[in-house]
file structure.csv (CSV, C-alpha atoms)
chain,number,residue,atom,x,y,z
A,189,MET,CA,-42.5,21.2,-77.9
A,190,ALA,CA,-39.2,21.9,-79.7
A,191,LEU,CA,-37.9,24.0,-76.8
A,192,GLY,CA,-39.0,21.3,-74.3
A,193,PHE,CA,-37.2,18.6,-76.3
A,194,ALA,CA,-34.0,20.8,-76.4
A,195,GLY,CA,-34.1,21.0,-72.6
A,196,ILE,CA,-34.7,17.3,-72.2
A,197,LEU,CA,-31.9,16.4,-74.5
A,198,ILE,CA,-29.6,18.4,-72.3
A,199,PHE,CA,-31.0,16.8,-69.1
A,200,SER,CA,-30.8,13.3,-70.5
A,201,VAL,CA,-27.0,13.4,-70.1
A,202,SER,CA,-27.3,14.5,-66.4
A,203,LEU,CA,-27.4,11.1,-64.8
A,204,VAL,CA,-24.5,9.8,-66.8
A,205,ALA,CA,-22.4,13.0,-66.0
A,206,THR,CA,-23.4,12.8,-62.4
A,207,SER,CA,-22.5,9.2,-62.1
A,208,VAL,CA,-19.0,9.9,-63.4
A,209,ALA,CA,-18.5,13.1,-61.3
A,210,VAL,CA,-19.6,11.4,-58.1
A,211,GLU,CA,-16.8,8.8,-58.4
A,212,SER,CA,-14.2,11.5,-57.5
A,213,PHE,CA,-16.1,14.4,-55.9
A,214,GLY,CA,-18.8,12.6,-53.8
A,215,ALA,CA,-22.5,12.9,-53.9
A,216,TRP,CA,-22.9,16.0,-51.7
A,217,THR,CA,-20.3,18.0,-53.5
A,218,VAL,CA,-21.7,17.1,-56.9
A,219,GLY,CA,-25.4,17.3,-55.8
A,220,VAL,CA,-25.1,20.7,-54.2
A,221,GLY,CA,-21.8,22.2,-55.3
A,222,ARG,CA,-22.9,22.3,-59.0
A,223,ALA,CA,-25.4,24.9,-58.0
A,224,VAL,CA,-22.6,27.2,-56.7
A,225,VAL,CA,-20.8,27.1,-60.1
A,226,ALA,CA,-24.1,27.7,-61.9
A,227,ALA,CA,-25.0,30.6,-59.6
A,228,ALA,CA,-21.7,32.3,-60.5
A,229,CYS,CA,-22.5,32.0,-64.2
A,230,ALA,CA,-26.0,33.3,-63.5
A,231,ALA,CA,-24.7,36.3,-61.6
A,232,VAL,CA,-22.5,37.2,-64.6
A,233,VAL,CA,-25.5,36.8,-67.0
A,234,LEU,CA,-27.8,38.9,-64.8
A,235,ILE,CA,-25.2,41.7,-64.5
A,236,VAL,CA,-24.4,41.7,-68.2
A,237,ARG,CA,-28.1,41.7,-69.2
A,238,ARG,CA,-28.9,44.3,-66.4
A,239,SER,CA,-31.8,42.2,-65.3
A,240,ALA,CA,-34.2,43.8,-62.9
A,241,ILE,CA,-34.4,42.3,-59.4
A,242,PRO,CA,-37.7,40.3,-59.0
A,243,ASN,CA,-40.5,41.7,-56.9
A,244,GLN,CA,-40.8,40.4,-53.3
A,245,ARG,CA,-43.9,38.5,-54.3
A,246,HIS,CA,-41.8,36.3,-56.6
A,247,LEU,CA,-39.6,35.1,-53.7
A,248,PRO,CA,-41.8,32.2,-52.5
A,249,SER,CA,-41.9,30.8,-56.0
A,250,LEU,CA,-38.1,31.2,-56.5
A,251,LEU,CA,-37.6,29.4,-53.2
A,252,ILE,CA,-39.8,26.5,-54.4
A,253,VAL,CA,-37.9,26.3,-57.7
A,254,GLY,CA,-34.6,26.4,-55.7
A,255,GLY,CA,-35.7,23.7,-53.4
A,256,GLY,CA,-37.0,21.5,-56.2
A,257,VAL,CA,-34.6,21.6,-59.1
A,258,ILE,CA,-31.5,23.3,-57.6
A,259,VAL,CA,-31.1,21.4,-54.3
A,260,GLY,CA,-33.6,18.5,-54.2
A,261,PHE,CA,-33.3,16.8,-57.6
A,262,PRO,CA,-29.5,17.1,-58.0
A,263,LEU,CA,-28.7,16.0,-54.5
A,264,PHE,CA,-31.1,13.0,-54.4
A,265,THR,CA,-29.9,11.7,-57.8
A,266,ALA,CA,-26.3,12.1,-56.7
A,267,LEU,CA,-27.0,10.1,-53.5
A,268,ALA,CA,-28.7,7.4,-55.5
A,269,LEU,CA,-25.9,7.1,-58.0
A,270,GLU,CA,-23.4,6.3,-55.3
A,271,THR,CA,-24.9,2.8,-55.2
A,272,SER,CA,-27.0,2.5,-58.4
A,273,THR,CA,-26.5,3.0,-62.1
A,274,ALA,CA,-27.5,5.7,-64.5
A,275,SER,CA,-29.5,3.3,-66.6
A,276,ARG,CA,-31.6,2.2,-63.6
A,277,GLY,CA,-32.1,5.8,-62.5
A,278,ALA,CA,-33.3,6.7,-66.0
A,279,ILE,CA,-36.1,4.2,-65.8
A,280,VAL,CA,-37.2,5.1,-62.3
A,281,ILE,CA,-37.2,8.8,-63.1
A,282,GLY,CA,-39.5,7.9,-66.0
A,283,ILE,CA,-42.5,8.7,-63.8
A,284,LEU,CA,-41.5,12.4,-63.7
A,285,PRO,CA,-43.8,13.5,-66.5
A,286,ALA,CA,-47.0,12.2,-64.8
A,287,SER,CA,-45.7,13.7,-61.5
A,288,THR,CA,-45.2,17.1,-63.1
A,289,ALA,CA,-48.6,17.0,-64.7
A,290,LEU,CA,-50.1,16.1,-61.3
A,291,VAL,CA,-48.5,19.1,-59.7
A,292,ALA,CA,-49.7,21.4,-62.5
A,293,THR,CA,-53.2,20.0,-62.0
A,294,LEU,CA,-53.3,20.6,-58.3
A,295,ARG,CA,-51.5,23.9,-58.1
A,296,HIS,CA,-51.8,25.8,-61.4
A,297,GLY,CA,-55.3,25.0,-62.7
A,298,GLU,CA,-54.5,22.9,-65.7
A,299,ARG,CA,-57.1,20.3,-66.3
A,300,PRO,CA,-56.1,17.6,-68.9
A,301,SER,CA,-58.7,15.5,-70.6
A,302,TRP,CA,-59.2,11.8,-69.7
A,303,GLN,CA,-57.5,11.0,-73.0
A,304,PHE,CA,-54.4,12.9,-71.9
A,305,TRP,CA,-54.3,10.9,-68.6
A,306,LEU,CA,-54.8,7.7,-70.4
A,307,ALA,CA,-51.8,8.4,-72.7
A,308,ALA,CA,-49.7,9.8,-69.8
A,309,PHE,CA,-50.2,6.8,-67.5
A,310,GLY,CA,-49.7,4.5,-70.5
A,311,GLY,CA,-46.2,5.9,-70.7
A,312,LEU,CA,-45.9,5.7,-66.9
A,313,ALA,CA,-47.0,2.0,-66.9
A,314,THR,CA,-44.5,1.3,-69.7
A,315,VAL,CA,-41.5,2.6,-67.8
A,316,VAL,CA,-42.6,1.1,-64.5
A,317,THR,CA,-43.0,-2.3,-66.1
A,318,TYR,CA,-39.6,-2.0,-67.7
A,319,SER,CA,-38.1,-1.1,-64.3
A,320,ILE,CA,-39.6,-4.1,-62.6
A,321,VAL,CA,-38.7,-6.6,-65.4
A,322,THR,CA,-35.1,-5.4,-65.8
A,323,GLY,CA,-34.4,-4.3,-62.3
A,324,ALA,CA,-32.9,-6.2,-59.4
A,325,ASN,CA,-35.6,-8.9,-59.5
A,326,GLY,CA,-38.2,-6.3,-58.9
A,327,ARG,CA,-37.0,-5.6,-55.4
A,328,PRO,CA,-36.9,-2.1,-54.1
A,329,GLU,CA,-33.5,-0.5,-53.4
A,330,LEU,CA,-32.4,2.4,-51.3
A,331,ALA,CA,-31.3,4.2,-54.4
A,332,ASP,CA,-34.9,3.9,-55.8
A,333,VAL,CA,-36.1,5.9,-52.7
A,334,PHE,CA,-33.6,8.7,-53.6
A,335,PHE,CA,-34.7,8.6,-57.2
A,336,LEU,CA,-38.3,8.9,-56.2
A,337,LEU,CA,-37.5,11.9,-53.9
A,338,ALA,CA,-35.7,13.4,-56.9
A,339,VAL,CA,-38.8,12.9,-59.0
A,340,ALA,CA,-41.0,14.7,-56.4
A,341,SER,CA,-38.5,17.5,-56.1
A,342,ALA,CA,-38.2,18.1,-59.8
A,343,ALA,CA,-42.0,17.9,-60.4
A,344,VAL,CA,-42.6,20.7,-58.0
A,345,GLY,CA,-39.7,22.8,-59.3
A,346,TYR,CA,-40.7,22.3,-63.0
A,347,ALA,CA,-44.3,23.2,-62.4
A,348,GLU,CA,-43.5,26.2,-60.3
A,349,GLY,CA,-40.8,27.4,-62.6
A,350,ALA,CA,-43.0,27.2,-65.6
A,351,LYS,CA,-45.6,29.5,-63.9
A,352,LEU,CA,-42.9,32.0,-62.8
A,353,THR,CA,-41.5,32.0,-66.3
A,354,SER,CA,-44.6,33.6,-67.7
A,355,THR,CA,-43.8,36.7,-65.7
A,356,LEU,CA,-40.0,36.7,-65.2
A,357,GLY,CA,-38.9,34.8,-68.4
A,358,GLY,CA,-37.2,31.5,-68.6
A,359,TRP,CA,-33.5,32.4,-68.2
A,360,GLN,CA,-34.4,35.0,-65.5
A,361,THR,CA,-36.3,32.4,-63.5
A,362,ILE,CA,-33.5,29.8,-63.2
A,363,SER,CA,-30.9,32.6,-62.8
A,364,TRP,CA,-32.6,34.2,-59.8
A,365,ALA,CA,-33.5,30.9,-58.3
A,366,LEU,CA,-29.8,30.0,-58.3
A,367,ILE,CA,-28.9,33.3,-56.7
A,368,VAL,CA,-31.6,32.9,-54.0
A,369,ALA,CA,-30.3,29.4,-53.2
A,370,VAL,CA,-26.7,30.5,-52.7
A,371,PRO,CA,-27.1,31.0,-48.9
A,372,ILE,CA,-27.9,27.2,-48.8
A,373,THR,CA,-25.8,25.8,-51.6
A,374,LEU,CA,-22.5,27.7,-50.9
A,375,PRO,CA,-22.0,26.6,-47.3
A,376,ILE,CA,-23.2,23.0,-47.8
A,377,GLY,CA,-21.2,22.7,-51.0
A,378,THR,CA,-18.1,24.0,-49.3
A,379,ILE,CA,-18.4,21.7,-46.3
A,380,ALA,CA,-19.0,18.7,-48.6
A,381,LEU,CA,-15.9,19.5,-50.6
A,382,ILE,CA,-13.8,19.9,-47.5
A,383,SER,CA,-15.1,16.8,-45.8
A,384,HIS,CA,-15.0,14.5,-48.8
A,385,GLY,CA,-12.1,15.9,-50.6
A,386,VAL,CA,-11.2,15.1,-54.2
A,387,ASP,CA,-10.3,11.5,-55.1
A,388,ASP,CA,-7.8,11.8,-58.0
A,389,PRO,CA,-10.1,13.0,-60.7
A,390,GLY,CA,-9.4,12.4,-64.3
A,391,TRP,CA,-10.6,14.4,-67.3
A,392,SER,CA,-13.9,12.5,-67.4
A,393,ASN,CA,-14.7,13.3,-63.8
A,394,TRP,CA,-14.0,17.0,-64.4
A,395,ALA,CA,-16.1,16.9,-67.6
A,396,GLY,CA,-19.0,15.3,-65.7
A,397,LEU,CA,-18.9,18.0,-63.0
A,398,LEU,CA,-18.6,20.8,-65.5
A,399,TYR,CA,-21.5,19.4,-67.5
A,400,VAL,CA,-23.9,19.1,-64.6
A,401,SER,CA,-22.9,22.6,-63.3
A,402,LEU,CA,-23.3,24.5,-66.6
A,403,PHE,CA,-25.7,22.5,-68.7
A,404,SER,CA,-27.9,20.4,-66.4
A,405,MET,CA,-28.1,23.1,-63.7
A,406,TYR,CA,-28.3,26.2,-65.8
A,407,LEU,CA,-28.4,26.3,-69.6
A,408,GLY,CA,-30.9,23.4,-70.0
A,409,PHE,CA,-33.5,25.4,-68.1
A,410,PHE,CA,-33.4,28.2,-70.6
A,411,ALA,CA,-35.2,26.0,-73.1
A,412,TRP,CA,-37.1,23.8,-70.7
A,413,TYR,CA,-38.9,26.6,-68.8
A,414,ALA,CA,-39.6,28.5,-72.0
A,415,GLY,CA,-41.2,25.4,-73.5
A,416,LEU,CA,-43.3,24.7,-70.4
A,417,SER,CA,-44.5,28.2,-70.2
A,418,ILE,CA,-45.5,28.4,-73.9
A,419,GLY,CA,-47.0,25.0,-74.4
A,420,GLY,CA,-48.4,24.3,-70.9
A,421,VAL,CA,-46.9,22.3,-68.1
A,422,ALA,CA,-49.0,19.2,-68.5
A,423,ARG,CA,-48.5,18.7,-72.2
A,424,VAL,CA,-44.9,19.7,-72.7
A,425,SER,CA,-43.8,17.8,-69.5
A,426,GLN,CA,-44.7,14.6,-71.3
A,427,ILE,CA,-41.6,15.0,-73.5
A,428,GLN,CA,-39.8,13.8,-70.3
A,429,LEU,CA,-41.1,10.4,-71.2
A,430,LEU,CA,-38.3,10.4,-73.8
A,431,GLN,CA,-35.6,11.2,-71.2
A,432,PRO,CA,-35.2,7.6,-69.9
A,433,MET,CA,-34.6,6.3,-73.3
A,434,LEU,CA,-32.2,9.1,-74.2
A,435,THR,CA,-30.3,8.5,-71.0
A,436,LEU,CA,-30.1,4.8,-71.8
A,437,MET,CA,-28.5,5.7,-75.1
A,438,TRP,CA,-26.0,8.0,-73.4
A,439,SER,CA,-25.3,5.3,-70.9
A,440,ALA,CA,-24.4,2.8,-73.7
A,441,LEU,CA,-22.3,5.3,-75.6
A,442,LEU,CA,-20.4,6.9,-72.7
A,443,LEU,CA,-20.5,4.2,-70.0
A,444,ASP,CA,-20.5,1.1,-72.2
A,445,GLU,CA,-23.8,-0.1,-70.7
A,446,ARG,CA,-25.8,-2.5,-72.8
A,447,ILE,CA,-29.2,-1.6,-74.1
A,448,SER,CA,-31.5,-4.6,-74.2
A,449,ARG,CA,-34.2,-5.5,-76.6
A,450,ALA,CA,-36.8,-4.6,-73.9
A,451,GLY,CA,-35.3,-1.1,-73.8
A,452,ILE,CA,-35.7,-0.6,-77.5
A,453,ILE,CA,-39.3,-1.8,-77.3
A,454,THR,CA,-40.0,0.5,-74.3
A,455,ALA,CA,-38.6,3.5,-76.3
A,456,GLY,CA,-41.0,2.9,-79.1
A,457,LEU,CA,-44.0,2.6,-76.8
A,458,VAL,CA,-43.1,5.7,-74.9
A,459,LEU,CA,-42.8,7.6,-78.1
A,460,VAL,CA,-46.3,6.6,-79.0
A,461,CYS,CA,-47.5,7.9,-75.6
A,462,VAL,CA,-45.7,11.2,-76.1
A,463,VAL,CA,-47.4,11.8,-79.5
A,464,ALA,CA,-50.8,10.9,-78.0
A,465,THR,CA,-50.5,13.4,-75.2
A,466,ARG,CA,-49.7,16.2,-77.7
A,467,ARG,CA,-53.0,15.5,-79.4
A,468,THR,CA,-55.2,15.8,-76.4
A,469,ALA,CA,-57.0,18.8,-74.8
A,470,ILE,CA,-55.8,20.7,-71.8
A,471,ARG,CA,-58.3,23.1,-70.0
A,472,HIS,CA,-57.3,25.9,-67.7
A,473,THR,CA,-59.6,26.6,-64.8
A,474,ARG,CA,-57.9,29.7,-63.5
call {"tool": "encode", "arguments": {"input": "structure.csv", "output": "structure tokens"}}
result
Amino acid sequence: MALGFAGILIFSVSLVATSVAVESFGAWTVGVGRAVVAAACAAVVLIVRRSAIPNQRHLPSLLIVGGGVIVGFPLFTALALETSTASRGAIVIGILPASTALVATLRHGERPSWQFWLAAFGGLATVVTYSIVTGANGRPELADVFFLLAVASAAVGYAEGAKLTSTLGGWQTISWALIVAVPITLPIGTIALISHGVDDPGWSNWAGLLYVSLFSMYLGFFAWYAGLSIGGVARVSQIQLLQPMLTLMWSALLLDERISRAGIITAGLVLVCVVATRRTAIRHTR
């Protein structure tokens, strides 16, 4: 649980950093290009640590991880943040824990108890209600579609990565996934950078790009995948329910966005749900 929280703490800054970086570099450059920078770091780490090349049987899982958390989630969130705010994205992405648990249930044989689902969907209902009450009059936006696609991508990538971590290890999983994705991320990121260009970036824009490239795209997964592997995907993934509230906090501190009383109440209710999921039973059927 501690490792999972460390990962989520790092990820909670991602939307804020992405929002700032997109202003100067564009959604496609930030969404895909960050993986190229992270892959360069991963290559250095793999060489220094003399990590063994994964077996061919690991390739499908590495491709799933790459498609989910290296390409899908960063790109869709960056596209959404061209027209939406980090605070709204934080709330919509609040459904990610339940989505990750659902993927783990369908694919990896985890069978949470009904008490777990009650607590998990209690947290889901809380963040959805908050989104409707405080959103654009409850009306759907194009950005929300991108946020939901980001949720689906991350849920699959998190669950698959946690399974792969049990054999490869946490840092090896994200490192090799980044390397496997290079044939896609490098050309797309290069084309995006050339076509969009760079719009007079300041230090904050560079800091945002550096953060999402090194921390959101790489170092955060060291702790996150290790936590999911040790504690189980369904249970540890519920720590993600804290991520919207943490992101709201960063939005207020770094982007001067105001946190409402409803946001504070939601944070407390979500925390109760996280504690409840930790106390429930998880069965493994295979």
call {"tool": "atom_distance", "arguments": {"input": "structure.csv", "atom1": "atom CA of Thr273 of chain A", "atom2": "atom CA of Ile258 of chain A"}}
result
21.4 Å
call {"tool": "closest_residue", "arguments": {"input": "structure.csv", "among": "A:Val208, A:Leu337, A:Ala455, A:Leu402", "to": "Leu434 of chain A", "atoms": "only C-alpha atoms"}}
result
A:Ala455
call {"tool": "closest_residue", "arguments": {"input": "structure.csv", "among": "A:Met405, A:Leu197, A:Ala342, A:Met189", "to": "Val253 of chain A", "atoms": "all atoms listed in the file"}}
result
A:Ala342
call {"tool": "residues_near_point", "arguments": {"input": "structure.csv", "point": "(-42.5, 27.3, -74.4)", "cutoff": "9 Å", "atoms": "only C-alpha atoms", "output": "ChimeraX atom specification"}}
result
/A:189-192,350,358,411-420,424
call {"tool": "atom_distance", "arguments": {"input": "structure.csv", "atom1": "atom CA of Phe264 of chain A", "atom2": "atom CA of Glu211 of chain A"}}
result
15.4 Å
call {"tool": "residues_around", "arguments": {"input": "structure.csv", "residues": "segment 221-238 of chain A", "least_positions_apart": "4", "cutoff": "6 Å", "atoms": "all atoms listed in the file", "output": "list in words"}}
result
Thr217, Ser363, Leu366, Ile367, Leu374, Gly377, Ser401, Leu402 and Tyr406 of chain A
call {"tool": "residues_around", "arguments": {"input": "structure.csv", "residues": "segment 382-392 of chain A", "least_positions_apart": "3", "cutoff": "12 Å", "atoms": "all atoms listed in the file", "output": "number ranges by chain"}}
result
A: 204-218, 221, 375-379, 395-399, 442-443
call {"tool": "residues_around", "arguments": {"input": "structure.csv", "residues": "Thr314 of chain A", "least_positions_apart": "4", "cutoff": "7 Å", "atoms": "all atoms listed in the file", "output": "count of residues only"}}
result
4
call {"tool": "atom_distance", "arguments": {"input": "structure.csv", "atom1": "atom CA of Val421 of chain A", "atom2": "atom CA of Ala308 of chain A"}}
result
12.9 Å
call {"tool": "residues_around", "arguments": {"input": "structure.csv", "residues": "Ala331 of chain A", "least_positions_apart": "6", "cutoff": "7 Å", "atoms": "all atoms listed in the file", "output": "list of chain:residue names"}}
result
A:Ala268, A:Thr271, A:Ser272
call {"tool": "residues_around", "arguments": {"input": "structure.csv", "residues": "Val339 of chain A", "least_positions_apart": "6", "cutoff": "9 Å", "atoms": "all atoms listed in the file", "output": "PDB file with C-alpha atoms, in the frame of the given file"}}
result
ATOM      1  CA  PHE A 261     -33.300  16.800 -57.600  1.00  0.00           C
ATOM      2  CA  PHE A 264     -31.100  13.000 -54.400  1.00  0.00           C
ATOM      3  CA  VAL A 280     -37.200   5.100 -62.300  1.00  0.00           C
ATOM      4  CA  ILE A 281     -37.200   8.800 -63.100  1.00  0.00           C
ATOM      5  CA  GLY A 282     -39.500   7.900 -66.000  1.00  0.00           C
ATOM      6  CA  ILE A 283     -42.500   8.700 -63.800  1.00  0.00           C
ATOM      7  CA  LEU A 284     -41.500  12.400 -63.700  1.00  0.00           C
ATOM      8  CA  SER A 287     -45.700  13.700 -61.500  1.00  0.00           C
ATOM      9  CA  THR A 288     -45.200  17.100 -63.100  1.00  0.00           C
TER      10      THR A 288
END
call {"tool": "closest_residue", "arguments": {"input": "structure.csv", "among": "A:Gln360, A:Pro371, A:Gln431, A:Leu459", "to": "Ser239 of chain A", "atoms": "only C-alpha atoms"}}
result
A:Gln360
call {"tool": "closest_residue", "arguments": {"input": "structure.csv", "among": "A:Leu407, A:Leu430, A:Leu381, A:Leu251", "to": "Trp359 of chain A", "atoms": "all atoms listed in the file"}}
result
A:Leu407
call {"tool": "closest_residue", "arguments": {"input": "structure.csv", "among": "A:Gly357, A:Pro248, A:Pro242, A:Gly219", "to": "Thr265 of chain A", "atoms": "all atoms listed in the file"}}
result
A:Gly219
call {"tool": "closest_residue", "arguments": {"input": "structure.csv", "among": "A:Ser404, A:Thr361, A:Ser425, A:Ser341", "to": "Ala292 of chain A", "atoms": "all atoms listed in the file"}}
result
A:Ser425
